[in-house]
>>> print(open('work34.cif').read())   # mmCIF, C-alpha atoms
data_structure
loop_
_atom_site.group_PDB
_atom_site.id
_atom_site.type_symbol
_atom_site.label_atom_id
_atom_site.label_comp_id
_atom_site.auth_asym_id
_atom_site.auth_seq_id
_atom_site.Cartn_x
_atom_site.Cartn_y
_atom_site.Cartn_z
ATOM 1 C CA MET A 1053 -1.909 -14.990 -32.871
ATOM 2 C CA ILE A 1054 -3.851 -11.997 -31.632
ATOM 3 C CA GLY A 1055 -2.165 -10.089 -28.856
ATOM 4 C CA CYS A 1056 1.334 -11.488 -29.103
ATOM 5 C CA SER A 1057 2.491 -9.102 -31.797
ATOM 6 C CA GLU A 1058 1.375 -6.063 -29.816
ATOM 7 C CA LEU A 1059 3.738 -4.312 -27.439
ATOM 8 C CA ALA A 1060 3.157 -5.838 -24.039
ATOM 9 C CA THR A 1061 4.092 -4.843 -20.552
ATOM 10 C CA GLY A 1062 4.291 -7.043 -17.539
ATOM 11 C CA PHE A 1063 6.262 -7.861 -14.474
ATOM 12 C CA GLY A 1064 9.960 -8.064 -15.039
ATOM 13 C CA SER A 1065 13.112 -7.134 -13.268
ATOM 14 C CA PRO A 1066 14.820 -3.892 -14.298
ATOM 15 C CA TRP A 1067 17.147 -5.786 -16.616
ATOM 16 C CA THR A 1068 14.566 -7.999 -18.346
ATOM 17 C CA VAL A 1069 11.736 -7.227 -20.731
ATOM 18 C CA GLY A 1070 9.228 -9.320 -18.773
ATOM 19 C CA ARG A 1071 8.274 -12.652 -17.315
ATOM 20 C CA LEU A 1072 6.989 -15.574 -19.395
ATOM 21 C CA VAL A 1073 5.107 -18.471 -17.807
ATOM 22 C CA PHE A 1074 5.824 -21.778 -19.529
ATOM 23 C CA ASP A 1075 3.043 -24.340 -19.749
ATOM 24 C CA THR A 1076 3.781 -28.003 -19.144
ATOM 25 C CA SER A 1077 3.123 -28.704 -22.839
ATOM 26 C CA GLY A 1078 6.253 -26.754 -23.728
ATOM 27 C CA PHE A 1079 8.326 -29.404 -22.021
ATOM 28 C CA ILE A 1080 6.411 -32.487 -23.116
ATOM 29 C CA TRP A 1081 5.831 -31.733 -26.786
ATOM 30 C CA LYS A 1082 9.392 -30.946 -27.763
ATOM 31 C CA GLU A 1083 8.624 -31.206 -31.464
ATOM 32 C CA LYS A 1084 6.317 -28.158 -31.218
ATOM 33 C CA GLY A 1085 8.266 -24.939 -30.924
ATOM 34 C CA ARG A 1086 11.360 -26.492 -29.383
ATOM 35 C CA GLU A 1087 13.806 -24.296 -31.303
ATOM 36 C CA ALA A 1088 12.037 -21.185 -30.031
ATOM 37 C CA VAL A 1089 12.034 -22.564 -26.474
ATOM 38 C CA LEU A 1090 15.781 -23.131 -26.687
ATOM 39 C CA GLU A 1091 16.313 -19.584 -27.989
ATOM 40 C CA LEU A 1092 14.192 -18.212 -25.159
ATOM 41 C CA GLU A 1093 16.358 -20.209 -22.748
ATOM 42 C CA VAL A 1094 19.465 -18.448 -24.102
ATOM 43 C CA LEU A 1095 17.744 -15.083 -23.611
ATOM 44 C CA ARG A 1096 16.869 -16.148 -20.065
ATOM 45 C CA GLU A 1097 20.495 -17.033 -19.336
ATOM 46 C CA ASP A 1098 21.491 -13.605 -20.703
ATOM 47 C CA TYR A 1099 18.952 -11.911 -18.343
ATOM 48 C CA VAL A 1100 16.848 -10.606 -21.227
ATOM 49 C CA VAL A 1101 13.631 -12.353 -20.188
ATOM 50 C CA GLU A 1102 12.483 -14.267 -17.135
ATOM 51 C CA ILE A 1103 10.962 -17.717 -17.628
ATOM 52 C CA VAL A 1104 8.950 -19.192 -14.797
ATOM 53 C CA LYS A 1105 6.601 -22.108 -14.188
ATOM 54 C CA THR A 1106 3.565 -22.564 -12.013
ATOM 55 C CA ASP A 1107 3.625 -25.017 -9.122
ATOM 56 C CA LEU A 1108 1.576 -27.377 -11.302
ATOM 57 C CA VAL A 1109 4.327 -28.066 -13.865
ATOM 58 C CA ASP A 1110 6.484 -30.388 -11.777
ATOM 59 C CA GLY A 1111 3.451 -32.429 -10.765
ATOM 60 C CA GLU A 1112 2.329 -32.747 -14.376
ATOM 61 C CA LEU A 1113 5.835 -33.769 -15.405
ATOM 62 C CA SER A 1114 6.172 -36.369 -12.678
ATOM 63 C CA GLU A 1115 6.348 -40.056 -13.458
ATOM 64 C CA LYS A 1116 2.965 -40.496 -11.791
ATOM 65 C CA TYR A 1117 1.134 -38.366 -14.379
ATOM 66 C CA ASN A 1118 3.329 -38.360 -17.453
ATOM 67 C CA LYS A 1119 4.414 -41.345 -19.497
ATOM 68 C CA ARG A 1120 7.041 -39.178 -21.229
ATOM 69 C CA PHE A 1121 8.867 -38.596 -17.941
ATOM 70 C CA GLY A 1122 12.640 -38.442 -18.167
ATOM 71 C CA ASP A 1123 15.824 -36.451 -17.672
ATOM 72 C CA GLU A 1124 14.798 -34.028 -20.395
ATOM 73 C CA PHE A 1125 12.540 -32.311 -17.853
ATOM 74 C CA ASP A 1126 15.352 -31.405 -15.455
ATOM 75 C CA ILE A 1127 15.351 -27.950 -17.025
ATOM 76 C CA THR A 1128 12.293 -27.021 -14.958
ATOM 77 C CA SER A 1129 14.230 -27.289 -11.698
ATOM 78 C CA SER A 1130 16.014 -24.013 -12.452
ATOM 79 C CA TYR A 1131 12.797 -22.032 -12.964
ATOM 80 C CA VAL A 1132 11.256 -19.766 -10.383
ATOM 81 C CA GLU A 1133 7.912 -21.253 -9.350
ATOM 82 C CA LEU A 1134 4.692 -19.239 -9.098
ATOM 83 C CA HIS A 1135 2.324 -20.579 -6.465
ATOM 84 C CA SER A 1136 -1.272 -21.158 -7.502
ATOM 85 C CA ILE A 1137 -4.280 -21.918 -5.315
ATOM 86 C CA PHE A 1138 -4.019 -24.983 -3.086
ATOM 87 C CA TYR A 1139 -6.303 -27.904 -3.977
ATOM 88 C CA LEU A 1140 -6.389 -30.743 -1.478
ATOM 89 C CA ASP A 1141 -6.499 -33.483 -4.116
ATOM 90 C CA SER A 1142 -3.825 -32.217 -6.506
ATOM 91 C CA SER A 1143 -1.510 -29.588 -5.016
ATOM 92 C CA ARG A 1144 1.972 -30.393 -3.810
ATOM 93 C CA SER A 1145 2.473 -29.578 -0.148
ATOM 94 C CA GLY A 1146 4.483 -26.399 0.305
ATOM 95 C CA HIS A 1147 4.153 -25.393 -3.354
ATOM 96 C CA SER A 1148 0.813 -23.592 -3.377
ATOM 97 C CA VAL A 1149 -1.070 -21.026 -1.332
ATOM 98 C CA LEU A 1150 -4.532 -20.614 0.103
ATOM 99 C CA GLY A 1151 -6.626 -18.698 -2.391
ATOM 100 C CA THR A 1152 -9.218 -16.010 -1.945
ATOM 101 C CA ASP A 1153 -12.792 -16.288 -3.196
ATOM 102 C CA ASP A 1154 -11.853 -13.893 -6.015
ATOM 103 C CA GLU A 1155 -8.934 -16.098 -7.058
ATOM 104 C CA GLN A 1156 -11.213 -19.146 -7.158
ATOM 105 C CA LYS A 1157 -13.757 -17.183 -9.199
ATOM 106 C CA LEU A 1158 -10.973 -16.327 -11.667
ATOM 107 C CA VAL A 1159 -10.018 -20.009 -12.018
ATOM 108 C CA ASP A 1160 -13.677 -20.933 -12.542
ATOM 109 C CA ALA A 1161 -14.217 -18.167 -15.111
ATOM 110 C CA ILE A 1162 -11.117 -19.147 -17.087
ATOM 111 C CA ALA A 1163 -12.179 -22.811 -16.984
ATOM 112 C CA LYS A 1164 -15.537 -21.818 -18.483
ATOM 113 C CA VAL A 1165 -13.747 -20.009 -21.302
ATOM 114 C CA LEU A 1166 -11.673 -23.110 -22.016
ATOM 115 C CA LYS A 1167 -14.770 -25.349 -21.998
ATOM 116 C CA PRO A 1168 -17.716 -23.141 -22.962
ATOM 117 C CA GLY A 1169 -21.089 -24.727 -22.284
ATOM 118 C CA ALA A 1170 -19.661 -27.553 -20.192
ATOM 119 C CA THR A 1171 -21.576 -28.345 -17.029
ATOM 120 C CA VAL A 1172 -18.558 -30.098 -15.526
ATOM 121 C CA VAL A 1173 -15.001 -28.958 -16.109
ATOM 122 C CA GLY A 1174 -12.557 -31.828 -16.511
ATOM 123 C CA SER A 1175 -9.413 -32.077 -14.431
ATOM 124 C CA HIS A 1176 -7.139 -31.189 -17.392
ATOM 125 C CA ASP A 1177 -9.093 -27.998 -18.101
ATOM 126 C CA LEU A 1178 -9.073 -27.107 -14.413
ATOM 127 C CA LEU A 1179 -5.284 -27.497 -14.332
ATOM 128 C CA ASP A 1180 -4.994 -25.283 -17.414
ATOM 129 C CA ALA A 1181 -7.251 -22.696 -15.767
ATOM 130 C CA ARG A 1182 -5.057 -22.764 -12.652
ATOM 131 C CA HIS A 1183 -1.918 -22.168 -14.769
ATOM 132 C CA LEU A 1184 -3.610 -19.245 -16.502
ATOM 133 C CA ALA A 1185 -5.013 -17.737 -13.301
ATOM 134 C CA ALA A 1186 -1.530 -17.758 -11.756
ATOM 135 C CA THR A 1187 -0.229 -15.962 -14.852
ATOM 136 C CA VAL A 1188 -2.868 -13.258 -14.349
ATOM 137 C CA LYS A 1189 -2.311 -13.101 -10.577
ATOM 138 C CA TYR A 1190 1.410 -12.443 -10.923
ATOM 139 C CA GLY A 1191 1.030 -9.961 -13.804
ATOM 140 C CA CYS A 1192 3.208 -11.857 -16.257
ATOM 141 C CA LEU A 1193 3.932 -10.864 -19.839
ATOM 142 C CA ALA A 1194 2.490 -14.009 -21.450
ATOM 143 C CA PHE A 1195 1.633 -17.672 -21.017
ATOM 144 C CA VAL A 1196 3.628 -19.817 -23.449
ATOM 145 C CA THR A 1197 1.974 -23.024 -24.605
ATOM 146 C CA THR A 1198 1.538 -25.423 -27.480
ATOM 147 C CA ASP A 1199 -1.922 -26.471 -26.255
ATOM 148 C CA SER A 1200 -4.298 -25.768 -29.149
ATOM 149 C CA ASN A 1201 -7.326 -25.469 -26.850
ATOM 150 C CA ILE A 1202 -5.715 -22.674 -24.855
ATOM 151 C CA LEU A 1203 -4.371 -20.960 -27.976
ATOM 152 C CA LYS A 1204 -7.760 -20.908 -29.705
ATOM 153 C CA HIS A 1205 -9.210 -19.041 -26.721
ATOM 154 C CA GLY A 1206 -6.367 -16.511 -26.744
ATOM 155 C CA PRO A 1207 -8.411 -13.569 -28.028
ATOM 156 C CA GLU A 1208 -11.037 -13.942 -25.280
ATOM 157 C CA LEU A 1209 -8.407 -14.422 -22.568
ATOM 158 C CA LEU A 1210 -6.639 -11.276 -23.770
ATOM 159 C CA ASP A 1211 -9.864 -9.300 -23.915
ATOM 160 C CA ARG A 1212 -11.186 -10.353 -20.493
ATOM 161 C CA TRP A 1213 -7.998 -10.504 -18.392
ATOM 162 C CA GLN A 1214 -5.234 -8.969 -20.543
ATOM 163 C CA LEU A 1215 -3.797 -12.487 -20.553
ATOM 164 C CA ARG A 1216 -1.621 -13.164 -23.559
ATOM 165 C CA VAL A 1217 -1.243 -16.754 -24.653
ATOM 166 C CA CYS A 1218 1.472 -17.419 -27.195
ATOM 167 C CA THR A 1219 3.156 -20.266 -28.965
ATOM 168 C CA PRO A 1220 6.896 -20.476 -28.233
ATOM 169 C CA GLU A 1221 7.567 -18.879 -31.637
ATOM 170 C CA ASP A 1222 5.183 -15.984 -30.926
ATOM 171 C CA ALA A 1223 6.719 -15.505 -27.485
ATOM 172 C CA LEU A 1224 10.197 -15.334 -29.035
ATOM 173 C CA ASP A 1225 8.961 -12.733 -31.536
ATOM 174 C CA LEU A 1226 7.368 -10.746 -28.706
ATOM 175 C CA VAL A 1227 10.566 -10.777 -26.654
ATOM 176 C CA ARG A 1228 12.662 -9.751 -29.659
ATOM 177 C CA GLU A 1229 10.297 -6.842 -30.330
ATOM 178 C CA LEU A 1230 10.414 -5.718 -26.706
ATOM 179 C CA VAL A 1231 14.218 -5.878 -26.743
ATOM 180 C CA ARG A 1232 14.293 -3.859 -29.969
ATOM 181 C CA ARG A 1233 12.035 -1.179 -28.456
ATOM 182 C CA ARG A 1234 13.973 -1.153 -25.188
ATOM 183 C CA ASP A 1235 17.242 -0.723 -27.046
ATOM 184 C CA LEU A 1236 15.808 2.142 -29.118
ATOM 185 C CA HIS A 1237 15.108 4.041 -25.891
ATOM 186 C CA ARG A 1238 18.698 3.562 -24.727
ATOM 187 C CA LEU A 1239 20.134 5.416 -27.753
#
>>> encode(input="work34.cif", output="structure tokens")
Amino acid sequence: MIGCSELATGFGSPWTVGRLVFDTSGFIWKEKGREAVLELEVLREDYVVEIVKTDLVDGELSEKYNKRFGDEFDITSSYVELHSIFYLDSSRSGHSVLGTDDEQKLVDAIAKVLKPGATVVGSHDLLDARHLAATVKYGCLAFVTTDSNILKHGPELLDRWQLRVCTPEDALDLVRELVRRRDLHRL
């Protein structure tokens, strides 16, 4: 995956190597990259990396929208939540913020990358664009997903917004490399 193997910088606390934003697909499609997700969770518990979610994740994992709903998604309750732009028809009250015109333009531009040539962007692609725009807004290290549509547009997202999209395995490799480089500087 282009961009994930390069040294990255991003927001992180002084004791972590950065902040990863997990996509909803990382929780639903456990068969894709689950071992890497579990390893990243251990690194999170050891304060090596931060893992966060956008305000959209809990809505997408709710029984209303997801037939795979179950206790396996309780893990998301311990994540810090990044607030994306409020949309009257889909945002959860108290879990999003009013957006600026520039933030809306970013969502629209990302949606067009995800669906090039489309005259109407579907609700799923708009949700994906909102996840990605929040990742850019908060200056995070990478967006971790198993969504093939997002991953295939990774090079353009990286080029236009310095937005890394990674599979869980690529994110784990990235974190390991950042830890290795951090530890070299401590010697």
>>> resolve_selection(input="work34.cif", expression="the PyMOL selection byres ((chain A and resi 1228-1234) around 8)", output="list in words")
Leu1059, Ala1060, Val1069, Val1100, Leu1224, Asp1225, Leu1226, Val1227, Asp1235, Leu1236, His1237 and Arg1238 of chain A
>>> write_last_selection(input="work34.cif", atoms="C-alpha atoms", output="short mmCIF file (atom, residue, chain, number, x, y, z; two decimals), keeping the file's coordinate frame")
data_model
loop_
_atom_site.label_atom_id
_atom_site.label_comp_id
_atom_site.auth_asym_id
_atom_site.auth_seq_id
_atom_site.Cartn_x
_atom_site.Cartn_y
_atom_site.Cartn_z
CA LEU A 1059 3.74 -4.31 -27.44
CA ALA A 1060 3.16 -5.84 -24.04
CA VAL A 1069 11.74 -7.23 -20.73
CA VAL A 1100 16.85 -10.61 -21.23
CA LEU A 1224 10.20 -15.33 -29.04
CA ASP A 1225 8.96 -12.73 -31.54
CA LEU A 1226 7.37 -10.75 -28.71
CA VAL A 1227 10.57 -10.78 -26.65
CA ASP A 1235 17.24 -0.72 -27.05
CA LEU A 1236 15.81 2.14 -29.12
CA HIS A 1237 15.11 4.04 -25.89
CA ARG A 1238 18.70 3.56 -24.73
#
>>> resolve_selection(input="work34.cif", expression="the PyMOL selection byres ((chain A and resi 1173-1186) around 9)", output="PyMOL selection string")
chain A and resi 1073+1075+1105-1109+1134-1137+1155-1156+1158-1167+1170-1172+1187-1192+1195+1202+1215+1217
>>> closest_residue(input="work34.cif", among="A:Cys1218, A:Ala1223, A:Ile1103, A:Val1132", to="Phe1074 of chain A", atoms="all atoms listed in the file")
A:Ile1103
>>> closest_residue(input="work34.cif", among="A:Gln1214, A:Thr1219, A:Asn1201, A:Thr1152", to="Val1089 of chain A", atoms="all atoms listed in the file")
A:Thr1219
>>> atom_distance(input="work34.cif", atom1="atom CA of Asp1222 of chain A", atom2="atom CA of Trp1067 of chain A")
21.3 Å
>>> atom_distance(input="work34.cif", atom1="atom CA of Arg1096 of chain A", atom2="atom CA of Thr1197 of chain A")
17.0 Å
>>> atom_distance(input="work34.cif", atom1="atom CA of Lys1204 of chain A", atom2="atom CA of Gly1169 of chain A")
15.7 Å
>>> closest_residue(input="work34.cif", among="A:Arg1086, A:Ser1077, A:Lys1157, A:Glu1093", to="Leu1203 of chain A", atoms="all atoms listed in the file")
A:Ser1077
>>> closest_residue(input="work34.cif", among="A:Val1104, A:Pro1168, A:Thr1076, A:Tyr1131", to="Leu1193 of chain A", atoms="only C-alpha atoms")
A:Val1104
